[in-house]
There are 2 protein chains.
Amino acid sequence: MKLKFKSIKGSIVAPQGFLASGVFCDIKRLGTGKGSNKGPKRDLALIVSEVPAAVAGMFTTNQVCAAPVKVCVERVNHGVAHAVVVNSGNANACTGRQGMKDAREMTAVLAKQLHMPEQHVLVGSTGRIGVTMPMANVKRGILAAAQLLGNAPAQADEAAEAIMTSDSKQKQVAIEFKLGGKTVRIGGICKGAGMIQPGMSATGARPAALPHGGLHATMLGFITTDAAIEAKALQAALREAVAHSFNRITVDGDMSTNDTVLVLANGLAGNAECGVRSAEFRLFQAALTHVCLELAKMIVRDGEGVHRVVTVRVNGAKTIQDADAAARAVANSALVKTSWHGGDPNWGRIIDAIGYSPATVVEDKIDIGYSAPGGKQILWSLKRGQPTKATFKQLCLAVAPKEFELHINLNLGKAAAVMYAADLTEAYVDYNKGDVTDPTTLGG
Amino acid sequence: MKLKFKSIKGSIVAPQGFLASGVFCDIKRLGTGKGSNKGPKRDLALIVSEVPAAVAGMFTTNQVCAAPVKVCVERVNHGVAHAVVVNSGNANACTGRQGMKDAREMTAVLAKQLHMPEQHVLVGSTGRIGVTMPMANVKRGILAAAQLLGNAPAQADEAAEAIMTSDSKQKQVAIEFKLGGKTVRIGGICKGAGMIQPGMSATGARPAALPHGGLHATMLGFITTDAAIEAKALQAALREAVAHSFNRITVDGDMSTNDTVLVLANGLAGNAECGVRSAEFRLFQAALTHVCLELAKMIVRDGEGVHRVVTVRVNGAKTIQDADAAARAVANSALVKTSWHGGDPNWGRIIDAIGYSPATVVEDKIDIGYSAPGGKQILWSLKRGQPTKATFKQLCLAVAPKEFELHINLNLGKAAAVMYAADLTEAYVDYNKGDVTDPTTLGG
């Protein structure tokens, strides 16, 4: 179902009945709470619904999983949420019992301030691994942010800023569409620039059979909607939306301990409540997928050191698992990614990665080509394992733009998969080699 | 079995009855055959036994597999070889029927010149993918090299140089030991700097169950010995040796289309022929493993852009597959590798990679520490998932040397695995982003 949705402003506060805020409370303990030499970037956000909302979530399948993720998995299961507190600067991961206590206390402080049950408050964290939360600063931040809650686009901006870590820009989207005769809105913010190859599930548990190529970001995504939808239907819609968006991106192939996507649906649009079998469900699901995909692509475009973004489309695989494995092998190959950075249409590295992927492939059946984003016109570099007559100059032009699509046809079956991938640059290496003069980088 | 073996000079010509040579025949078609602006590096090597030898081989499990590999898999199966011709500059991969014809013709030309059956000549190639071999140059090179065969160390040097691609130095080793009362020698040369994470099998076929973490160099290794050993025993010894050496290294996680290790045993040492059940077999196997491991480590140390070499040791896994998966996840994590480059003892990225690996792990059982190469004294950074009292300065000192060991204990069982890994540097990216002004890089 390909549908056009109308873009609107305000991201998470665009839907009726949602409030947001973002403050600086010095979670990195850089200075006095009034800012630092690294700049007074906001580091704590609140997202609050005026009424209790249906909730759904998807969480990292990393076995090393942060305390806030554990708290959310437990609470989302009950289907109702009222508010979310999110911090950057500290992931509250590998922090043991103290970490769990701190994550719960964050929700308790907000719940008390807003007069709602603690169980209806969710929590997300991103930043350093292995350092306990500076709870005095965090509590001060929550109380300050609660005073600043509002539904102006500027407040959504502040929340979007507060969840950023190595992100260079805020990531926000909102759309409006008709659902059951009513105008419904979905808005979202997200963050993520490194440690990005999410593989999220509804419970954080890994699937019994790991997909070929493994699972591999901290990415955080927070979505709000005023649609009325049952919690179970909301979870089904989110699972499908994430499968086609956040779980299909890779910056560096590393899956984080903290990946989280939450969606709150407060029903204030006044449509008849959607169930999984309702006529409106597929439309809602398409709209949610659209929002998630827009957000997911922003993460790849703003990935650490990223210069080029490549959509890797594998078609003609025997199975979806094979299509996925081939796409991930290409999307995560250091040699393929450096060639993208160089604007080099090197098909040898691509077919090499396809060949070592767990997918079943046959060398002399493989096609490799390029198009513009969304383009139908494919310039084939390789057909049935053999170079075409496309010239080196033509191929260089095809891979020169900041964004292009790589088309791979295995010609063995009908299964397909797509990955939204990034190149590998000197800037990525430089950024991530760390600053050994700064012990605050020790954990993550 | 930990044994000390005496190092000697001469690598592949150290064992009795082996001859070598290396010439420049302009396989990249850079100029006139007399050299070029890129320097007249040798690009074709011969290794010849004075008598027919037992042979064993291990080959890439990449499904996209070069013509010379296919020819070797077929011929090694017969257990006898007499000579090997190897070229650099062109991988003869993805070259279709012409590639197979060319690979066979290379062996036929040498066989005719040396008066031996074509079936007893093997072939190896490394370099660009997808370009047919410049057979006129190659034939001229084979004939020239055949005239220059000799058993002086300088001739082994020439062969070792001729198989290099992005390697910065020759890689050679030879040892001498007593086997059944006779003095026996094993010598070897190898190459490989990028596209390095070999996963070789005896037939090039993939194992029925792919190991966790997948299989993922062009690396070429050529080993000679004057030991008398049955071909089947030689294959068994090589399989074990490769499993503990070449198949345990990674530079960039990419497995090549051309990975090949060949060993020729001509029996001229005069020992009683070893079978798998002979008393001498385990000693021979230990010696061959020693040679392969020395060569494999040279590949990592000379890897493209490599600044630091890290031995990743995983202990306490439930299964060997789990130990291997955890070690490979850490050894191939872009974030871990960049932190090694920066001399940053970041355990957050390490535990993150362990957590997303397919291995079964429990966060609060994981230990992470460092030692000097071969060191018994481990400085623990993390114990049972929690930071130790080791200071940031102490940890920085532990990861500052050019080579160190990373110790991971999962504390869940008794299985162990090791990976010899490299850091990820700006120099790697710069080297591999390619030169789009040079269409000769198109394939590989």
# chains A, B, ... in the order shown; residues from 1 in each chain; ligands from 1
$ select_by_dssp --residues "region 143-197 of chain B" --states "strand (DSSP E or B)" --output "number ranges by chain"
B: 150, 171-179, 182-191
$ write_last_selection --atoms "C-alpha atoms" --output "mmCIF file, in the first residue's frame"
data_model
loop_
_atom_site.group_PDB
_atom_site.id
_atom_site.type_symbol
_atom_site.label_atom_id
_atom_site.label_comp_id
_atom_site.auth_asym_id
_atom_site.auth_seq_id
_atom_site.Cartn_x
_atom_site.Cartn_y
_atom_site.Cartn_z
ATOM 1 C CA GLY B 150 66.585 -21.992 -8.109
ATOM 2 C CA LYS B 171 55.903 -12.739 4.425
ATOM 3 C CA GLN B 172 58.146 -15.769 4.845
ATOM 4 C CA VAL B 173 58.911 -18.376 7.480
ATOM 5 C CA ALA B 174 60.782 -21.698 7.723
ATOM 6 C CA ILE B 175 61.469 -24.136 10.534
ATOM 7 C CA GLU B 176 63.518 -27.301 11.033
ATOM 8 C CA PHE B 177 62.778 -30.178 13.410
ATOM 9 C CA LYS B 178 63.402 -33.900 13.857
ATOM 10 C CA LEU B 179 60.688 -36.263 12.599
ATOM 11 C CA LYS B 182 65.360 -37.323 10.300
ATOM 12 C CA THR B 183 65.773 -33.560 9.966
ATOM 13 C CA VAL B 184 62.626 -32.186 8.324
ATOM 14 C CA ARG B 185 61.913 -28.646 7.146
ATOM 15 C CA ILE B 186 58.703 -26.725 6.523
ATOM 16 C CA GLY B 187 58.761 -23.371 4.746
ATOM 17 C CA GLY B 188 56.046 -20.972 3.682
ATOM 18 C CA ILE B 189 55.209 -17.676 2.057
ATOM 19 C CA CYS B 190 51.924 -15.825 2.111
ATOM 20 C CA LYS B 191 50.249 -12.577 1.139
#
$ residues_around --residues "Ala415 (chain B)" --least-positions-apart "6" --cutoff "8 Å" --atoms "only C-alpha atoms" --output "ChimeraX atom specification"
/B:315-320,322-323
$ residues_around --residues "region 40-48 of chain B" --least-positions-apart "2" --cutoff "8 Å" --atoms "only C-alpha atoms" --output "ChimeraX atom specification"
/B:12,18-27,34-36,38,50,82-89,138,141-142,145-146,149,158-164
$ write_last_selection --atoms "C-alpha atoms" --output "compact mmCIF listing (two decimals), in the first residue's frame"
# COMPACT_ATOMS: atom_id res chain seq x y z
CA ILE B 12 59.79 -22.22 0.60
CA PHE B 18 62.15 -27.13 -3.84
CA LEU B 19 62.86 -24.37 -6.35
CA ALA B 20 61.30 -20.93 -6.69
CA SER B 21 61.38 -17.83 -8.83
CA GLY B 22 59.52 -14.55 -9.31
CA VAL B 23 59.35 -12.22 -12.32
CA PHE B 24 57.59 -9.09 -13.56
CA CYS B 25 55.46 -9.74 -16.63
CA ASP B 26 53.09 -6.77 -16.39
CA ILE B 27 49.87 -8.53 -15.46
CA LYS B 34 59.82 -3.35 -18.44
CA GLY B 35 58.14 -1.70 -15.47
CA SER B 36 55.92 1.29 -15.07
CA LYS B 38 54.09 2.29 -10.29
CA GLU B 50 62.12 -31.64 -7.99
CA HIS B 82 54.63 -31.01 -8.79
CA ALA B 83 54.52 -27.23 -9.26
CA VAL B 84 52.49 -24.09 -8.54
CA VAL B 85 52.16 -20.95 -10.64
CA VAL B 86 50.87 -17.83 -8.85
CA ASN B 87 50.21 -14.34 -10.12
CA SER B 88 49.29 -11.04 -8.51
CA GLY B 89 47.53 -8.10 -10.17
CA VAL B 138 51.28 -14.30 -18.32
CA GLY B 141 56.16 -14.55 -17.49
CA ILE B 142 55.82 -18.28 -16.90
CA ALA B 145 60.25 -17.59 -14.47
CA ALA B 146 60.89 -21.22 -15.42
CA LEU B 149 64.11 -21.36 -10.91
CA GLU B 158 61.44 -13.03 -5.40
CA ALA B 159 58.51 -15.45 -5.23
CA ALA B 160 57.31 -13.91 -1.96
CA GLU B 161 57.45 -10.47 -3.58
CA ALA B 162 55.63 -11.62 -6.72
CA ILE B 163 52.51 -12.71 -4.80
CA MET B 164 52.11 -9.36 -2.95
$ residues_around --residues "region 226-232 of chain A" --least-positions-apart "4" --cutoff "6 Å" --atoms "only C-alpha atoms" --output "list in words"
Pro15, Gln16, Ala54, Val55, Gly79, Val184, Arg185, Ala265, Asn266, Gly267, Leu268, Ala269, Asn271, Glu273, Cys274 and Gly275 of chain A
$ residues_around --residues "region 193-200 of chain B" --least-positions-apart "5" --cutoff "8 Å" --atoms "only C-alpha atoms" --output "ChimeraX atom specification"
/A:335 /B:58-61,165-167,215-219,242,246-256,259-260,299-300,302-304
$ closest_residue --among "B:Gly305, B:Leu406, B:Arg29, B:Val51" --to "Asn432 (chain B)" --atoms "only C-alpha atoms"
B:Gly305
$ atom_distance --atom1 "CA of Ile368 (chain B)" --atom2 "CA of Val69 (chain A)"
23.3 Å
$ select_by_dssp --residues "region 328-401 of chain B" --states "alpha helix (DSSP H)" --output "PyMOL selection string"
chain B and resi 328-332+334-341+347-356+392-398
$ write_last_selection --atoms "N, CA and C atoms" --output "PDB file, in the first residue's frame"
ATOM      1  N   ARG B 328      34.427 -13.221  17.088  1.00  0.00           N
ATOM      2  CA  ARG B 328      34.293 -12.570  15.773  1.00  0.00           C
ATOM      3  C   ARG B 328      33.501 -11.273  15.853  1.00  0.00           C
ATOM      4  N   ALA B 329      32.459 -11.234  16.686  1.00  0.00           N
ATOM      5  CA  ALA B 329      31.660 -10.007  16.821  1.00  0.00           C
ATOM      6  C   ALA B 329      32.541  -8.876  17.336  1.00  0.00           C
ATOM      7  N   VAL B 330      33.352  -9.161  18.349  1.00  0.00           N
ATOM      8  CA  VAL B 330      34.238  -8.141  18.911  1.00  0.00           C
ATOM      9  C   VAL B 330      35.316  -7.763  17.890  1.00  0.00           C
ATOM     10  N   ALA B 331      35.911  -8.780  17.253  1.00  0.00           N
ATOM     11  CA  ALA B 331      37.024  -8.553  16.327  1.00  0.00           C
ATOM     12  C   ALA B 331      36.595  -7.786  15.080  1.00  0.00           C
ATOM     13  N   ASN B 332      35.288  -7.815  14.747  1.00  0.00           N
ATOM     14  CA  ASN B 332      34.814  -7.141  13.541  1.00  0.00           C
ATOM     15  C   ASN B 332      33.963  -5.918  13.813  1.00  0.00           C
ATOM     16  N   ALA B 334      33.043  -2.287  14.173  1.00  0.00           N
ATOM     17  CA  ALA B 334      33.649  -1.024  13.743  1.00  0.00           C
ATOM     18  C   ALA B 334      33.959  -0.143  14.947  1.00  0.00           C
ATOM     19  N   LEU B 335      33.058  -0.125  15.918  1.00  0.00           N
ATOM     20  CA  LEU B 335      33.270   0.730  17.089  1.00  0.00           C
ATOM     21  C   LEU B 335      34.405   0.221  17.970  1.00  0.00           C
ATOM     22  N   VAL B 336      34.492  -1.103  18.162  1.00  0.00           N
ATOM     23  CA  VAL B 336      35.601  -1.646  18.951  1.00  0.00           C
ATOM     24  C   VAL B 336      36.925  -1.371  18.239  1.00  0.00           C
ATOM     25  N   LYS B 337      36.963  -1.606  16.918  1.00  0.00           N
ATOM     26  CA  LYS B 337      38.198  -1.462  16.150  1.00  0.00           C
ATOM     27  C   LYS B 337      38.689  -0.009  16.116  1.00  0.00           C
ATOM     28  N   THR B 338      37.754   0.935  16.022  1.00  0.00           N
ATOM     29  CA  THR B 338      38.188   2.336  16.051  1.00  0.00           C
ATOM     30  C   THR B 338      38.688   2.708  17.442  1.00  0.00           C
ATOM     31  N   SER B 339      38.089   2.135  18.497  1.00  0.00           N
ATOM     32  CA  SER B 339      38.586   2.447  19.855  1.00  0.00           C
ATOM     33  C   SER B 339      40.001   1.894  20.032  1.00  0.00           C
ATOM     34  N   TRP B 340      40.302   0.714  19.452  1.00  0.00           N
ATOM     35  CA  TRP B 340      41.675   0.184  19.508  1.00  0.00           C
ATOM     36  C   TRP B 340      42.636   1.152  18.819  1.00  0.00           C
ATOM     37  N   HIS B 341      42.190   1.669  17.677  1.00  0.00           N
ATOM     38  CA  HIS B 341      43.024   2.622  16.949  1.00  0.00           C
ATOM     39  C   HIS B 341      43.350   3.825  17.828  1.00  0.00           C
ATOM     40  N   TRP B 347      35.282  -0.425  27.322  1.00  0.00           N
ATOM     41  CA  TRP B 347      34.673  -1.746  27.482  1.00  0.00           C
ATOM     42  C   TRP B 347      33.195  -1.753  27.117  1.00  0.00           C
ATOM     43  N   GLY B 348      32.579  -0.586  27.078  1.00  0.00           N
ATOM     44  CA  GLY B 348      31.153  -0.516  26.709  1.00  0.00           C
ATOM     45  C   GLY B 348      30.915  -1.063  25.312  1.00  0.00           C
ATOM     46  N   ARG B 349      31.795  -0.693  24.361  1.00  0.00           N
ATOM     47  CA  ARG B 349      31.631  -1.179  22.987  1.00  0.00           C
ATOM     48  C   ARG B 349      31.889  -2.677  22.896  1.00  0.00           C
ATOM     49  N   ILE B 350      32.830  -3.156  23.725  1.00  0.00           N
ATOM     50  CA  ILE B 350      33.162  -4.587  23.710  1.00  0.00           C
ATOM     51  C   ILE B 350      31.994  -5.412  24.235  1.00  0.00           C
ATOM     52  N   ILE B 351      31.438  -5.015  25.367  1.00  0.00           N
ATOM     53  CA  ILE B 351      30.323  -5.790  25.929  1.00  0.00           C
ATOM     54  C   ILE B 351      29.089  -5.651  25.046  1.00  0.00           C
ATOM     55  N   ASP B 352      28.953  -4.507  24.376  1.00  0.00           N
ATOM     56  CA  ASP B 352      27.853  -4.338  23.429  1.00  0.00           C
ATOM     57  C   ASP B 352      27.954  -5.369  22.302  1.00  0.00           C
ATOM     58  N   ALA B 353      29.173  -5.518  21.736  1.00  0.00           N
ATOM     59  CA  ALA B 353      29.364  -6.483  20.633  1.00  0.00           C
ATOM     60  C   ALA B 353      29.160  -7.916  21.106  1.00  0.00           C
ATOM     61  N   ILE B 354      29.624  -8.216  22.293  1.00  0.00           N
ATOM     62  CA  ILE B 354      29.399  -9.551  22.854  1.00  0.00           C
ATOM     63  C   ILE B 354      27.895  -9.800  22.967  1.00  0.00           C
ATOM     64  N   GLY B 355      27.182  -8.773  23.402  1.00  0.00           N
ATOM     65  CA  GLY B 355      25.741  -8.914  23.629  1.00  0.00           C
ATOM     66  C   GLY B 355      24.951  -9.117  22.358  1.00  0.00           C
ATOM     67  N   TYR B 356      25.379  -8.491  21.246  1.00  0.00           N
ATOM     68  CA  TYR B 356      24.608  -8.679  20.003  1.00  0.00           C
ATOM     69  C   TYR B 356      25.106  -9.855  19.182  1.00  0.00           C
ATOM     70  N   PHE B 392      41.549   4.428  34.785  1.00  0.00           N
ATOM     71  CA  PHE B 392      41.529   4.741  33.352  1.00  0.00           C
ATOM     72  C   PHE B 392      42.958   4.790  32.819  1.00  0.00           C
ATOM     73  N   LYS B 393      43.859   5.354  33.603  1.00  0.00           N
ATOM     74  CA  LYS B 393      45.262   5.465  33.184  1.00  0.00           C
ATOM     75  C   LYS B 393      45.893   4.081  33.014  1.00  0.00           C
ATOM     76  N   GLN B 394      45.633   3.182  33.978  1.00  0.00           N
ATOM     77  CA  GLN B 394      46.154   1.809  33.889  1.00  0.00           C
ATOM     78  C   GLN B 394      45.627   1.116  32.635  1.00  0.00           C
ATOM     79  N   LEU B 395      44.328   1.295  32.383  1.00  0.00           N
ATOM     80  CA  LEU B 395      43.717   0.636  31.223  1.00  0.00           C
ATOM     81  C   LEU B 395      44.257   1.213  29.920  1.00  0.00           C
ATOM     82  N   CYS B 396      44.467   2.527  29.896  1.00  0.00           N
ATOM     83  CA  CYS B 396      45.043   3.161  28.697  1.00  0.00           C
ATOM     84  C   CYS B 396      46.433   2.591  28.423  1.00  0.00           C
ATOM     85  N   LEU B 397      47.202   2.390  29.467  1.00  0.00           N
ATOM     86  CA  LEU B 397      48.551   1.826  29.293  1.00  0.00           C
ATOM     87  C   LEU B 397      48.475   0.410  28.729  1.00  0.00           C
ATOM     88  N   ALA B 398      47.447  -0.350  29.145  1.00  0.00           N
ATOM     89  CA  ALA B 398      47.302  -1.738  28.694  1.00  0.00           C
ATOM     90  C   ALA B 398      46.986  -1.826  27.203  1.00  0.00           C
TER      91      ALA B 398
END
$ closest_residue --among "A:Lys365, A:Arg104, A:Lys169, A:Arg140" --to "chain B" --atoms "only C-alpha atoms"
A:Lys365
$ residues_around --residues "Ile129 (chain A)" --least-positions-apart "5" --cutoff "12 Å" --atoms "only C-alpha atoms" --output "PDB file with N, CA and C atoms, in the first residue's frame"
ATOM      1  N   LYS A  28      26.011  14.630  32.045  1.00  0.00           N
ATOM      2  CA  LYS A  28      27.424  14.223  31.916  1.00  0.00           C
ATOM      3  C   LYS A  28      28.274  14.789  33.051  1.00  0.00           C
ATOM      4  N   VAL A  64      22.946  -7.785  26.206  1.00  0.00           N
ATOM      5  CA  VAL A  64      23.393  -6.801  27.184  1.00  0.00           C
ATOM      6  C   VAL A  64      22.471  -5.610  26.988  1.00  0.00           C
ATOM      7  N   CYS A  65      21.534  -5.447  27.892  1.00  0.00           N
ATOM      8  CA  CYS A  65      20.386  -4.585  27.663  1.00  0.00           C
ATOM      9  C   CYS A  65      20.255  -3.631  28.832  1.00  0.00           C
ATOM     10  N   ALA A  66      20.086  -2.335  28.517  1.00  0.00           N
ATOM     11  CA  ALA A  66      20.103  -1.290  29.543  1.00  0.00           C
ATOM     12  C   ALA A  66      18.888  -1.357  30.457  1.00  0.00           C
ATOM     13  N   ALA A  67      19.040  -0.791  31.661  1.00  0.00           N
ATOM     14  CA  ALA A  67      17.975  -0.784  32.665  1.00  0.00           C
ATOM     15  C   ALA A  67      16.683  -0.146  32.150  1.00  0.00           C
ATOM     16  N   SER A  88      19.782  11.968  27.552  1.00  0.00           N
ATOM     17  CA  SER A  88      20.993  11.675  26.796  1.00  0.00           C
ATOM     18  C   SER A  88      22.195  11.917  27.706  1.00  0.00           C
ATOM     19  N   GLY A  89      23.370  11.385  27.286  1.00  0.00           N
ATOM     20  CA  GLY A  89      24.581  11.588  28.074  1.00  0.00           C
ATOM     21  C   GLY A  89      24.946  10.405  28.936  1.00  0.00           C
ATOM     22  N   ASN A  90      23.980   9.558  29.238  1.00  0.00           N
ATOM     23  CA  ASN A  90      24.237   8.369  30.054  1.00  0.00           C
ATOM     24  C   ASN A  90      23.219   7.312  29.657  1.00  0.00           C
ATOM     25  N   ALA A  91      23.713   6.132  29.254  1.00  0.00           N
ATOM     26  CA  ALA A  91      22.835   5.064  28.749  1.00  0.00           C
ATOM     27  C   ALA A  91      22.210   4.244  29.863  1.00  0.00           C
ATOM     28  N   ASN A  92      22.688   4.425  31.094  1.00  0.00           N
ATOM     29  CA  ASN A  92      22.229   3.572  32.197  1.00  0.00           C
ATOM     30  C   ASN A  92      22.258   2.098  31.774  1.00  0.00           C
ATOM     31  N   ALA A  93      23.346   1.714  31.114  1.00  0.00           N
ATOM     32  CA  ALA A  93      23.553   0.321  30.688  1.00  0.00           C
ATOM     33  C   ALA A  93      24.736  -0.244  31.448  1.00  0.00           C
ATOM     34  N   CYS A  94      24.704  -1.528  31.775  1.00  0.00           N
ATOM     35  CA  CYS A  94      25.768  -2.185  32.535  1.00  0.00           C
ATOM     36  C   CYS A  94      25.956  -1.495  33.880  1.00  0.00           C
ATOM     37  N   THR A  95      24.851  -1.134  34.487  1.00  0.00           N
ATOM     38  CA  THR A  95      24.888  -0.413  35.752  1.00  0.00           C
ATOM     39  C   THR A  95      24.263  -1.237  36.886  1.00  0.00           C
ATOM     40  N   GLY A  96      23.975  -2.505  36.605  1.00  0.00           N
ATOM     41  CA  GLY A  96      23.538  -3.435  37.642  1.00  0.00           C
ATOM     42  C   GLY A  96      22.243  -3.035  38.341  1.00  0.00           C
ATOM     43  N   GLY A  99      21.328   0.620  38.553  1.00  0.00           N
ATOM     44  CA  GLY A  99      20.769   1.115  37.294  1.00  0.00           C
ATOM     45  C   GLY A  99      19.269   0.904  37.220  1.00  0.00           C
ATOM     46  N   THR A 218      22.788   2.961  19.325  1.00  0.00           N
ATOM     47  CA  THR A 218      21.573   3.340  20.051  1.00  0.00           C
ATOM     48  C   THR A 218      20.742   4.217  19.153  1.00  0.00           C
ATOM     49  N   SER A 256      22.997  -1.538  19.477  1.00  0.00           N
ATOM     50  CA  SER A 256      23.148  -0.976  20.821  1.00  0.00           C
ATOM     51  C   SER A 256      22.437  -1.773  21.899  1.00  0.00           C
ATOM     52  N   THR A 257      22.802  -1.454  23.130  1.00  0.00           N
ATOM     53  CA  THR A 257      22.179  -1.994  24.338  1.00  0.00           C
ATOM     54  C   THR A 257      20.875  -1.282  24.679  1.00  0.00           C
ATOM     55  N   ASN A 258      20.565  -0.149  23.974  1.00  0.00           N
ATOM     56  CA  ASN A 258      19.479   0.732  24.392  1.00  0.00           C
ATOM     57  C   ASN A 258      18.394   0.995  23.361  1.00  0.00           C
ATOM     58  N   THR A 440      35.749  10.291  30.708  1.00  0.00           N
ATOM     59  CA  THR A 440      34.286  10.171  30.686  1.00  0.00           C
ATOM     60  C   THR A 440      33.819   9.354  29.503  1.00  0.00           C
ATOM     61  N   THR A 441      34.730   9.035  28.563  1.00  0.00           N
ATOM     62  CA  THR A 441      34.334   8.221  27.411  1.00  0.00           C
ATOM     63  C   THR A 441      34.511   6.743  27.708  1.00  0.00           C
ATOM     64  N   LEU A 442      34.970   6.402  28.892  1.00  0.00           N
ATOM     65  CA  LEU A 442      35.360   5.018  29.185  1.00  0.00           C
ATOM     66  C   LEU A 442      34.331   3.973  28.824  1.00  0.00           C
ATOM     67  N   GLY A 443      33.105   4.185  29.209  1.00  0.00           N
ATOM     68  CA  GLY A 443      32.096   3.157  28.975  1.00  0.00           C
ATOM     69  C   GLY A 443      31.641   3.106  27.542  1.00  0.00           C
ATOM     70  N   GLY A 444      31.067   4.139  27.049  1.00  0.00           N
ATOM     71  CA  GLY A 444      30.466   4.050  25.707  1.00  0.00           C
ATOM     72  C   GLY A 444      30.784   5.258  24.910  1.00  0.00           C
TER      73      GLY A 444
ATOM     74  N   ASN B 346      37.765   1.197  25.867  1.00  0.00           N
ATOM     75  CA  ASN B 346      36.316   1.331  25.979  1.00  0.00           C
ATOM     76  C   ASN B 346      35.661  -0.035  26.115  1.00  0.00           C
ATOM     77  N   TRP B 347      35.282  -0.425  27.322  1.00  0.00           N
ATOM     78  CA  TRP B 347      34.673  -1.746  27.482  1.00  0.00           C
ATOM     79  C   TRP B 347      33.195  -1.753  27.117  1.00  0.00           C
ATOM     80  N   GLY B 348      32.579  -0.586  27.078  1.00  0.00           N
ATOM     81  CA  GLY B 348      31.153  -0.516  26.709  1.00  0.00           C
ATOM     82  C   GLY B 348      30.915  -1.063  25.312  1.00  0.00           C
ATOM     83  N   ARG B 349      31.795  -0.693  24.361  1.00  0.00           N
ATOM     84  CA  ARG B 349      31.631  -1.179  22.987  1.00  0.00           C
ATOM     85  C   ARG B 349      31.889  -2.677  22.896  1.00  0.00           C
ATOM     86  N   ILE B 350      32.830  -3.156  23.725  1.00  0.00           N
ATOM     87  CA  ILE B 350      33.162  -4.587  23.710  1.00  0.00           C
ATOM     88  C   ILE B 350      31.994  -5.412  24.235  1.00  0.00           C
ATOM     89  N   ILE B 351      31.438  -5.015  25.367  1.00  0.00           N
ATOM     90  CA  ILE B 351      30.323  -5.790  25.929  1.00  0.00           C
ATOM     91  C   ILE B 351      29.089  -5.651  25.046  1.00  0.00           C
ATOM     92  N   ASP B 352      28.953  -4.507  24.376  1.00  0.00           N
ATOM     93  CA  ASP B 352      27.853  -4.338  23.429  1.00  0.00           C
ATOM     94  C   ASP B 352      27.954  -5.369  22.302  1.00  0.00           C
ATOM     95  N   GLY B 385      30.443  -8.213  34.803  1.00  0.00           N
ATOM     96  CA  GLY B 385      29.617  -7.139  34.253  1.00  0.00           C
ATOM     97  C   GLY B 385      29.794  -5.785  34.905  1.00  0.00           C
ATOM     98  N   GLN B 386      30.658  -5.699  35.913  1.00  0.00           N
ATOM     99  CA  GLN B 386      30.823  -4.437  36.635  1.00  0.00           C
ATOM    100  C   GLN B 386      32.265  -3.946  36.557  1.00  0.00           C
ATOM    101  N   PRO B 387      32.468  -2.631  36.415  1.00  0.00           N
ATOM    102  CA  PRO B 387      33.819  -2.072  36.342  1.00  0.00           C
ATOM    103  C   PRO B 387      34.632  -2.438  37.579  1.00  0.00           C
TER     104      PRO B 387
END
$ atom_distance --atom1 "CA of Gln155 (chain B)" --atom2 "CA of Ser11 (chain B)"
9.9 Å
$ atom_distance --atom1 "CA of Phe5 (chain A)" --atom2 "CA of Leu295 (chain A)"
14.4 Å
